[in-house]
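Colleague: What follows is start19.cif; its format and atoms are mmCIF, C-alpha atoms.
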```cif
data_input
loop_
_atom_site.label_atom_id
_atom_site.label_comp_id
_atom_site.auth_asym_id
_atom_site.auth_seq_id
_atom_site.Cartn_x
_atom_site.Cartn_y
_atom_site.Cartn_z
CA MET I 162 59.76 0.14 -22.94
CA PRO I 163 56.27 1.65 -23.32
CA GLY I 164 53.27 -0.55 -22.64
CA LEU I 165 51.13 -2.02 -25.37
CA VAL I 166 48.39 0.60 -24.99
CA GLU I 167 50.97 3.34 -25.56
CA VAL I 168 52.40 1.51 -28.58
CA TYR I 169 48.90 0.97 -30.00
CA ASP I 170 47.90 4.61 -29.49
CA ALA I 171 51.15 5.82 -31.05
CA ARG I 172 50.43 3.81 -34.19
CA ILE I 173 46.92 5.26 -34.35
CA ALA I 174 48.36 8.76 -33.99
CA ALA I 175 50.86 8.01 -36.75
CA GLY I 176 48.08 6.84 -39.06
CA THR I 177 49.39 3.28 -39.40
CA LEU I 178 46.46 1.84 -37.43
CA LYS I 179 42.77 2.64 -37.18
CA ALA I 180 41.29 2.64 -33.67
CA ASP I 181 39.30 -0.53 -33.00
CA PRO I 182 37.58 -1.08 -29.60
CA ALA I 183 37.75 -4.87 -29.95
CA GLN I 184 41.49 -4.77 -30.55
CA ARG I 185 41.99 -2.36 -27.64
CA ALA I 186 40.12 -4.77 -25.35
CA VAL I 187 42.76 -7.46 -25.98
CA LEU I 188 45.67 -5.24 -24.98
CA ALA I 189 45.12 -5.70 -21.23
CA GLU I 190 45.61 -9.47 -21.51
CA LEU I 191 48.68 -9.12 -23.69
CA GLU I 192 50.12 -6.48 -21.36
CA ARG I 193 49.55 -8.80 -18.38
CA ILE I 194 51.62 -11.49 -20.07
CA ARG I 195 54.29 -9.03 -21.21
CA LEU I 196 54.81 -7.70 -17.69
CA ALA I 197 54.79 -11.17 -16.14
CA LEU I 198 57.46 -12.40 -18.53
CA THR I 199 59.55 -9.31 -17.97
CA GLU I 200 59.31 -9.36 -14.19
CA ALA I 201 59.17 -13.08 -13.33
CA PRO I 202 62.48 -14.91 -13.02
CA ALA I 203 63.22 -17.56 -15.60
CA PRO I 204 62.80 -21.13 -14.38
CA ALA I 205 65.97 -22.21 -12.58
CA LYS I 206 66.11 -25.52 -14.38
CA ARG I 207 65.27 -26.12 -18.01
CA GLY I 208 65.13 -28.96 -20.47
CA PHE I 209 65.40 -32.52 -19.13
CA PHE I 210 65.59 -31.49 -15.47
CA ALA I 211 62.59 -29.15 -15.60
CA ARG I 212 60.21 -32.06 -15.11
CA PHE I 213 61.72 -32.77 -11.69
CA SER I 214 61.16 -29.24 -10.41
CA LYS I 215 57.65 -28.35 -11.50
CA ALA I 216 56.91 -26.56 -8.22
CA GLU I 217 59.70 -24.07 -8.96
CA VAL I 218 58.41 -23.21 -12.42
CA PRO I 219 56.51 -19.88 -12.51
CA GLN I 220 53.12 -20.41 -14.13
CA ILE I 221 51.98 -17.53 -16.34
CA LYS I 222 48.61 -18.00 -17.99
CA GLY I 223 48.83 -17.48 -21.73
CA LEU I 224 46.21 -16.36 -24.26
CA TYR I 225 44.06 -17.98 -26.94
CA LEU I 226 42.89 -15.15 -29.21
CA TRP I 227 40.30 -16.15 -31.77
CA GLY I 228 37.99 -14.40 -34.18
CA GLY I 229 37.04 -13.96 -37.82
CA VAL I 230 39.58 -13.48 -40.56
CA GLY I 231 41.22 -10.12 -41.07
CA ARG I 232 40.33 -8.75 -37.61
CA GLY I 233 43.91 -7.83 -36.67
CA LYS I 234 44.89 -10.90 -34.64
CA SER I 235 48.26 -11.32 -36.35
CA MET I 236 49.01 -7.60 -36.06
CA LEU I 237 48.32 -7.70 -32.31
CA MET I 238 50.48 -10.80 -31.99
CA ASP I 239 53.38 -9.12 -33.79
CA MET I 240 53.09 -6.00 -31.65
CA PHE I 241 53.02 -8.10 -28.48
CA VAL I 242 56.03 -10.27 -29.36
CA GLU I 243 58.07 -7.22 -30.36
CA SER I 244 57.29 -5.60 -27.01
CA VAL I 245 58.32 -8.54 -24.81
CA GLU I 246 61.78 -7.73 -23.49
CA ILE I 247 63.22 -11.22 -23.36
CA THR I 248 65.29 -13.05 -25.95
CA ALA I 249 63.88 -16.52 -25.26
CA LYS I 250 60.82 -15.97 -27.44
CA ARG I 251 59.59 -17.14 -30.81
CA ARG I 252 56.68 -16.32 -33.11
CA VAL I 253 55.84 -18.97 -35.70
CA HIS I 254 52.92 -20.08 -37.87
CA PHE I 255 51.32 -23.15 -36.33
CA HIS I 256 51.54 -25.30 -39.46
CA ALA I 257 55.25 -24.52 -39.83
CA PHE I 258 55.81 -25.33 -36.15
CA MET I 259 54.10 -28.71 -36.42
CA GLN I 260 56.18 -29.49 -39.49
CA GLU I 261 59.31 -28.89 -37.38
CA ILE I 262 57.93 -31.15 -34.64
CA HIS I 263 57.37 -33.99 -37.10
CA HIS I 264 60.89 -33.56 -38.49
CA GLY I 265 62.42 -33.56 -35.01
CA MET I 266 60.53 -36.71 -34.04
CA HIS I 267 61.64 -38.41 -37.23
CA GLU I 268 65.27 -37.62 -36.44
CA ALA I 269 64.83 -38.87 -32.85
CA ARG I 270 63.40 -42.17 -34.08
CA LYS I 271 66.40 -42.61 -36.37
CA ARG I 272 68.57 -42.38 -33.24
CA GLY I 273 66.52 -45.12 -31.62
CA VAL I 274 64.74 -42.91 -29.07
CA ASP I 275 61.71 -44.70 -27.62
CA ASP I 276 59.63 -41.57 -26.96
CA ALA I 277 60.53 -39.36 -29.91
CA LEU I 278 58.51 -36.42 -28.61
CA THR I 279 60.52 -35.99 -25.40
CA PRO I 280 63.80 -34.70 -26.90
CA VAL I 281 61.86 -32.42 -29.26
CA ALA I 282 59.92 -30.89 -26.37
CA ASP I 283 63.07 -30.62 -24.24
CA ALA I 284 64.83 -28.68 -27.01
CA ILE I 285 61.97 -26.16 -27.10
CA ILE I 286 61.87 -25.88 -23.31
CA GLU I 287 65.62 -25.27 -23.17
CA LYS I 288 65.42 -22.32 -25.57
CA LEU I 289 62.07 -20.61 -25.02
CA ARG I 290 59.96 -18.94 -22.34
CA LEU I 291 57.42 -17.53 -24.83
CA LEU I 292 56.01 -19.40 -27.81
CA ALA I 293 53.61 -17.39 -29.98
CA PHE I 294 51.59 -19.24 -32.62
CA ASP I 295 49.67 -17.70 -35.48
CA GLU I 296 46.65 -19.44 -37.05
CA MET I 297 46.37 -22.43 -34.74
CA GLN I 298 44.30 -25.15 -36.33
CA ILE I 299 44.31 -28.94 -36.28
CA THR I 300 43.34 -30.70 -39.51
CA ASP I 301 45.46 -33.85 -39.33
CA ILE I 302 45.00 -36.88 -37.06
CA THR I 303 48.75 -37.15 -36.51
CA ASP I 304 48.93 -33.56 -35.25
CA ALA I 305 45.91 -34.18 -33.05
CA MET I 306 47.65 -37.13 -31.42
CA ILE I 307 50.89 -35.22 -30.79
CA VAL I 308 49.80 -31.75 -29.78
CA GLY I 309 48.21 -32.65 -26.44
CA ARG I 310 51.33 -34.34 -25.04
CA LEU I 311 53.58 -31.63 -26.42
CA PHE I 312 51.61 -28.75 -24.91
CA GLN I 313 51.40 -30.50 -21.56
CA LYS I 314 55.21 -30.74 -21.46
CA LEU I 315 55.56 -27.08 -22.42
CA PHE I 316 53.00 -25.89 -19.87
CA GLU I 317 54.59 -27.91 -17.06
CA ALA I 318 58.00 -26.44 -17.87
CA GLY I 319 56.64 -22.89 -17.66
CA VAL I 320 56.66 -22.06 -21.37
CA VAL I 321 54.05 -19.35 -21.98
CA ILE I 322 51.88 -19.89 -25.04
CA VAL I 323 50.00 -17.16 -26.89
CA THR I 324 48.11 -18.22 -29.98
CA THR I 325 45.67 -16.88 -32.54
CA SER I 326 43.02 -18.91 -34.29
CA ASN I 327 40.03 -18.41 -36.55
CA ARG I 328 37.89 -20.66 -34.37
CA PRO I 329 37.15 -21.15 -30.66
CA PRO I 330 38.91 -23.99 -28.83
CA ASP I 331 35.79 -26.17 -28.87
CA ASP I 332 35.81 -26.12 -32.68
CA LEU I 333 39.41 -27.29 -33.09
CA TYR I 334 39.65 -30.54 -35.07
CA LYS I 335 35.87 -30.45 -35.38
CA ASN I 336 34.47 -33.66 -36.92
CA GLY I 337 38.02 -35.03 -37.10
CA LEU I 338 38.86 -38.73 -37.02
CA ASN I 339 38.88 -40.09 -33.43
CA ARG I 340 38.20 -36.60 -32.11
CA GLN I 341 37.32 -37.97 -28.67
CA ILE I 342 41.04 -38.57 -28.11
CA PHE I 343 41.67 -34.87 -28.82
CA VAL I 344 38.95 -33.46 -26.55
CA PRO I 345 41.05 -33.49 -23.32
CA PHE I 346 43.53 -31.19 -25.05
CA ILE I 347 40.76 -28.64 -25.55
CA GLY I 348 40.09 -28.72 -21.84
CA MET I 349 43.78 -28.18 -21.16
CA LEU I 350 43.86 -25.16 -23.45
CA LYS I 351 40.86 -23.60 -21.71
CA GLU I 352 42.45 -24.20 -18.31
CA ARG I 353 45.94 -22.94 -19.17
CA LEU I 354 45.07 -20.06 -21.50
CA VAL I 355 42.70 -17.13 -21.25
CA VAL I 356 40.28 -17.52 -24.19
CA HIS I 357 39.38 -14.17 -25.77
CA ASP I 358 37.05 -13.61 -28.72
CA LEU I 359 38.14 -10.69 -30.90
CA GLU I 360 34.67 -9.48 -31.85
CA SER I 361 35.68 -6.69 -34.20
CA PRO I 362 33.24 -6.08 -37.07
CA ASN I 363 36.10 -4.88 -39.25
CA ASP I 364 37.96 -7.10 -41.68
CA TYR I 365 41.12 -5.14 -42.37
CA ARG I 366 42.60 -7.58 -44.84
CA GLN I 367 39.46 -7.36 -46.94
CA HIS I 368 39.50 -3.58 -46.66
CA ARG I 369 42.95 -3.51 -48.24
CA LEU I 370 41.46 -5.29 -51.25
CA THR I 371 38.22 -3.32 -51.47
CA GLY I 372 37.96 -1.67 -54.84
CA GLN I 373 41.07 -3.39 -56.18
CA GLN I 374 41.14 -5.62 -59.21
CA VAL I 375 41.67 -9.21 -58.06
CA TYR I 376 41.31 -11.19 -61.31
CA PHE I 377 43.80 -10.43 -64.07
CA HIS I 378 43.90 -11.57 -67.69
CA PRO I 379 45.92 -12.26 -69.65
CA ALA I 380 48.26 -13.64 -67.00
CA ALA I 381 51.40 -12.59 -68.85
CA GLY I 382 50.90 -8.93 -68.05
CA ALA I 383 49.73 -9.26 -64.47
CA ARG I 384 52.90 -10.00 -62.50
CA VAL I 385 53.68 -6.41 -61.49
CA GLN I 386 50.14 -5.75 -60.27
CA ILE I 387 49.99 -9.01 -58.34
CA ASP I 388 53.41 -8.36 -56.81
CA THR I 389 52.10 -5.02 -55.55
CA ILE I 390 49.04 -6.65 -53.93
CA TRP I 391 51.23 -9.40 -52.47
CA ASP I 392 53.64 -6.91 -50.89
CA ASP I 393 50.73 -4.95 -49.41
CA LEU I 394 49.06 -8.01 -47.89
CA THR I 395 52.23 -9.58 -46.52
CA GLY I 396 53.97 -6.40 -45.45
CA GLY I 397 57.05 -7.44 -47.40
CA GLN I 398 57.71 -10.35 -45.01
CA ASP I 399 59.80 -13.33 -45.98
CA ALA I 400 57.48 -15.96 -47.42
CA PRO I 401 58.88 -19.48 -47.09
CA PRO I 402 56.90 -22.50 -48.25
CA LEU I 403 54.11 -23.79 -46.05
CA HIS I 404 53.80 -27.58 -45.85
CA LEU I 405 50.42 -28.96 -44.79
CA PRO I 406 50.26 -32.53 -43.48
CA VAL I 407 47.31 -34.34 -45.06
CA ASN I 408 46.77 -38.05 -44.58
CA GLY I 409 50.45 -38.83 -44.20
CA ARG I 410 51.74 -36.63 -47.02
CA GLN I 411 52.72 -33.00 -47.45
CA VAL I 412 50.88 -30.42 -49.53
CA GLU I 413 53.06 -27.43 -50.33
CA ILE I 414 52.04 -23.81 -50.76
CA PRO I 415 55.26 -22.39 -52.26
CA ARG I 416 55.04 -18.99 -50.53
CA PHE I 417 53.18 -18.07 -47.35
CA ALA I 418 53.18 -15.02 -45.07
CA ASN I 419 50.64 -13.25 -42.86
CA GLY I 420 47.91 -15.75 -43.69
CA VAL I 421 48.37 -15.21 -47.45
CA GLY I 422 49.46 -18.05 -49.73
CA ARG I 423 50.93 -17.77 -53.21
CA ALA I 424 51.13 -20.55 -55.79
CA SER I 425 50.79 -21.17 -59.48
CA PHE I 426 48.03 -23.21 -61.09
CA TRP I 427 50.62 -25.91 -61.77
CA ASP I 428 51.76 -26.02 -58.14
CA LEU I 429 48.28 -26.95 -56.95
CA CYS I 430 46.50 -28.49 -59.94
CA ALA I 431 49.18 -30.42 -61.84
CA LYS I 432 49.91 -32.65 -58.85
CA PRO I 433 47.73 -35.61 -57.79
CA LEU I 434 45.87 -33.72 -55.09
CA GLY I 435 42.31 -34.34 -53.99
CA PRO I 436 39.48 -32.77 -51.96
CA ALA I 437 41.19 -33.31 -48.58
CA ASP I 438 44.30 -31.51 -49.83
CA TYR I 439 42.33 -28.53 -51.11
CA LEU I 440 40.30 -28.34 -47.90
CA ALA I 441 43.59 -28.14 -46.00
CA VAL I 442 44.78 -25.33 -48.29
CA ALA I 443 41.50 -23.44 -47.84
CA ASP I 444 41.72 -23.89 -44.08
CA ALA I 445 45.33 -22.66 -43.90
CA VAL I 446 45.07 -19.44 -45.92
CA ARG I 447 42.83 -16.42 -45.70
CA VAL I 448 43.90 -15.12 -49.10
CA LEU I 449 45.28 -17.19 -51.98
CA VAL I 450 47.22 -15.70 -54.86
CA LEU I 451 46.88 -18.20 -57.71
CA GLU I 452 48.84 -17.41 -60.86
CA ASP I 453 48.98 -18.59 -64.46
CA ILE I 454 45.62 -20.34 -64.80
CA PRO I 455 45.68 -21.65 -68.40
CA ARG I 456 42.88 -22.29 -70.85
CA LEU I 457 41.26 -25.60 -69.97
CA SER I 458 40.06 -28.38 -72.23
CA SER I 459 40.10 -32.13 -72.69
CA THR I 460 43.88 -31.94 -73.14
CA ASN I 461 44.34 -30.98 -69.49
CA PHE I 462 41.13 -32.52 -68.16
CA ASN I 463 42.65 -33.86 -64.92
CA GLU I 464 44.18 -30.49 -64.08
CA ALA I 465 40.85 -28.82 -64.85
CA LYS I 466 39.00 -31.18 -62.50
CA ARG I 467 41.45 -30.39 -59.72
CA PHE I 468 41.03 -26.68 -60.38
CA VAL I 469 37.25 -27.02 -60.02
CA THR I 470 37.73 -28.85 -56.72
CA LEU I 471 40.17 -26.21 -55.49
CA ILE I 472 37.81 -23.34 -56.33
CA ASP I 473 34.94 -25.16 -54.59
CA ALA I 474 37.05 -25.50 -51.43
CA LEU I 475 38.12 -21.84 -51.51
CA TYR I 476 34.56 -20.71 -52.19
CA GLU I 477 33.03 -22.68 -49.31
CA ALA I 478 35.74 -21.44 -46.91
CA LYS I 479 35.24 -17.81 -48.05
CA VAL I 480 38.92 -17.49 -48.98
CA ARG I 481 39.77 -14.32 -50.92
CA LEU I 482 41.24 -15.20 -54.33
CA ILE I 483 43.73 -13.12 -56.29
CA ALA I 484 44.19 -14.74 -59.69
CA SER I 485 45.88 -14.33 -63.05
CA ALA I 486 44.50 -16.35 -65.94
CA ALA I 487 44.66 -16.80 -69.67
CA ASP I 488 41.16 -15.38 -70.13
CA GLU I 489 37.97 -14.33 -68.42
CA PRO I 490 36.30 -17.03 -66.29
CA GLU I 491 33.59 -17.79 -68.87
CA ARG I 492 36.18 -18.33 -71.59
CA LEU I 493 38.65 -20.44 -69.65
CA TYR I 494 36.89 -23.72 -70.49
CA SER I 495 34.79 -23.10 -73.56
CA GLU I 496 34.64 -26.52 -75.19
CA GLY I 497 35.24 -30.21 -74.62
CA GLU I 498 34.29 -32.64 -71.87
CA GLY I 499 33.68 -30.78 -68.64
CA ALA I 500 32.93 -27.41 -70.24
CA PHE I 501 29.27 -27.47 -69.18
CA GLU I 502 30.12 -28.38 -65.57
CA PHE I 503 32.69 -25.57 -65.51
CA GLU I 504 29.93 -22.96 -65.80
CA ARG I 505 29.39 -23.16 -62.04
CA THR I 506 33.11 -22.63 -61.43
CA ALA I 507 33.13 -19.63 -63.75
CA SER I 508 30.17 -18.19 -61.85
CA ARG I 509 32.00 -18.69 -58.56
CA LEU I 510 35.12 -17.03 -59.93
CA ARG I 511 32.99 -14.03 -60.85
CA GLU I 512 31.34 -13.94 -57.42
CA MET I 513 34.71 -14.16 -55.68
CA GLN I 514 35.81 -10.96 -57.46
CA ASP I 515 33.16 -8.92 -55.67
CA ALA I 516 34.49 -6.33 -53.23
CA THR I 517 32.40 -7.80 -50.41
CA TRP I 518 33.50 -11.40 -50.98
CA GLY I 519 34.75 -13.18 -47.88
CA LYS I 520 33.34 -10.72 -45.34
CA SER I 521 31.57 -12.35 -42.45
#
```
So, in terms of structure tokens, how does the structure I just supplied come out?
Modeller:
Amino acid sequence: MPGLVEVYDARIAAGTLKADPAQRAVLAELERIRLALTEAPAPAKRGFFARFSKAEVPQIKGLYLWGGVGRGKSMLMDMFVESVEITAKRRVHFHAFMQEIHHGMHEARKRGVDDALTPVADAIIEKLRLLAFDEMQITDITDAMIVGRLFQKLFEAGVVIVTTSNRPPDDLYKNGLNRQIFVPFIGMLKERLVVHDLESPNDYRQHRLTGQQVYFHPAAGARVQIDTIWDDLTGGQDAPPLHLPVNGRQVEIPRFANGVGRASFWDLCAKPLGPADYLAVADAVRVLVLEDIPRLSSTNFNEAKRFVTLIDALYEAKVRLIASAADEPERLYSEGEGAFEFERTASRLREMQDATWGKS
């Protein structure tokens, strides 16, 4: 199989990629890992017995690729995983992976297992040599407590980890509850993975939206246009729900792919969600498609308050918003309690329609 540089150059020649020096600089690290996985023998013992034969486990240093949104991290990850000629590999969004870990631990506890993490880790070790995460981020104290022990088990068993993130390792779980417990995990990441900053000035996801309409009204006639934008941003990928753990509960984004979430107003604003939930949503997505925003008034005051909080969270996180609504922002909430305060939200909705919104 051709190397990653050849694959990258072929896509440039075909017009499906634009040459980017920062992206090209990452290819050497990804190619190193690809060749090592292809050439190194698989560990002789896996699963439960792997912990008794650590000296026999080939250690291949993985990669922590971080950088601003829309720089091509996920594209490089996909290209890398496709090129690795082993079957024991998996690419998964980090939030979805942690949801699976929590489910597996819950099932282990029901069986009376004392250390519920051990059988979950062993099952991963038994199946995989390469685990590729997209959008690694830690926002929940429970995840912060689990992830260090889990990664240590995976590293010791020779599982190679490649991950993307929007922030450097030192900023993971920043200002989180009891963060001092999490800090040793950051040190482990920096020891076990090569940390590479993708310093590209280009935001390709934003470029795909430049010049496009992103706010549609009335909502009833916008579905076809939004579907077109959605397909372009996600590449037509399957888009299962994304569940975000927040303070012991799950916040659901009904559809999620390639860093893009899709939900209706009612999915996110008709449920009893609060600021922490919306911060988690804003942290998890780079683009949010929010459909069917209704007219707001005192009759749906609670939903309107949640919508204001959601927009504030998206605005502060520089998330790109694609929206369909009953009317223009200034006419969504024209009278009743809260109408005056909504003027700031309307202004933010206008600002977020600008072609340069979200660029860093």
Colleague: Pick from I:Tyr439, I:Ala445, I:Ile387, I:Leu403: nearest to Ala484 of chain I, with only C-alpha atoms counted?
Modeller: I:Ile387
Colleague: Taking 2 positions as the minimum chain separation for residues in the same chain, which residues sit within 6 Å of segment 349-362 of chain I when counting all atoms listed in the file? Answer as a VMD selection string.
Modeller: chain I and resid 183 222 to 228 346 to 347
Colleague: In Å to one decimal, how far is atom CA of Gln184 of chain I from atom CA of Arg172 of chain I?
Modeller: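 A separation of 12.9 Å between them.
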Colleague: Leu451 of chain I: which residues within 9 Å, counting only C-alpha atoms, same-chain residues fewer than 2 positions away excluded, as a ChimeraX atom specification?
Modeller: /I:422-426,429,449,453-454,482-486
Colleague: Do a neighbour search on Glu246 of chain I at 12 Å with all atoms listed in the file, toss out local chain neighbours closer than 6 positions, and write the hits as an mmCIF file with C-alpha atoms, keeping the file's coordinate frame.
Modeller:
```cif
data_model
loop_
_atom_site.group_PDB
_atom_site.id
_atom_site.type_symbol
_atom_site.label_atom_id
_atom_site.label_comp_id
_atom_site.auth_asym_id
_atom_site.auth_seq_id
_atom_site.Cartn_x
_atom_site.Cartn_y
_atom_site.Cartn_z
ATOM 1 C CA MET I 162 59.760 0.140 -22.940
ATOM 2 C CA PRO I 163 56.270 1.650 -23.320
ATOM 3 C CA GLY I 164 53.270 -0.550 -22.640
ATOM 4 C CA GLU I 192 50.120 -6.480 -21.360
ATOM 5 C CA ILE I 194 51.620 -11.490 -20.070
ATOM 6 C CA ARG I 195 54.290 -9.030 -21.210
ATOM 7 C CA LEU I 196 54.810 -7.700 -17.690
ATOM 8 C CA ALA I 197 54.790 -11.170 -16.140
ATOM 9 C CA LEU I 198 57.460 -12.400 -18.530
ATOM 10 C CA THR I 199 59.550 -9.310 -17.970
ATOM 11 C CA GLU I 200 59.310 -9.360 -14.190
ATOM 12 C CA ALA I 201 59.170 -13.080 -13.330
ATOM 13 C CA ARG I 290 59.960 -18.940 -22.340
ATOM 14 C CA LEU I 291 57.420 -17.530 -24.830
#
```
Colleague: Could you list, as JSON, numbers by chain, every residue matched by the PyMOL selection byres ((chain I and resi 456) around 7) in this structure?
Modeller: {"I": [454, 455, 457, 458, 487, 493, 494]}
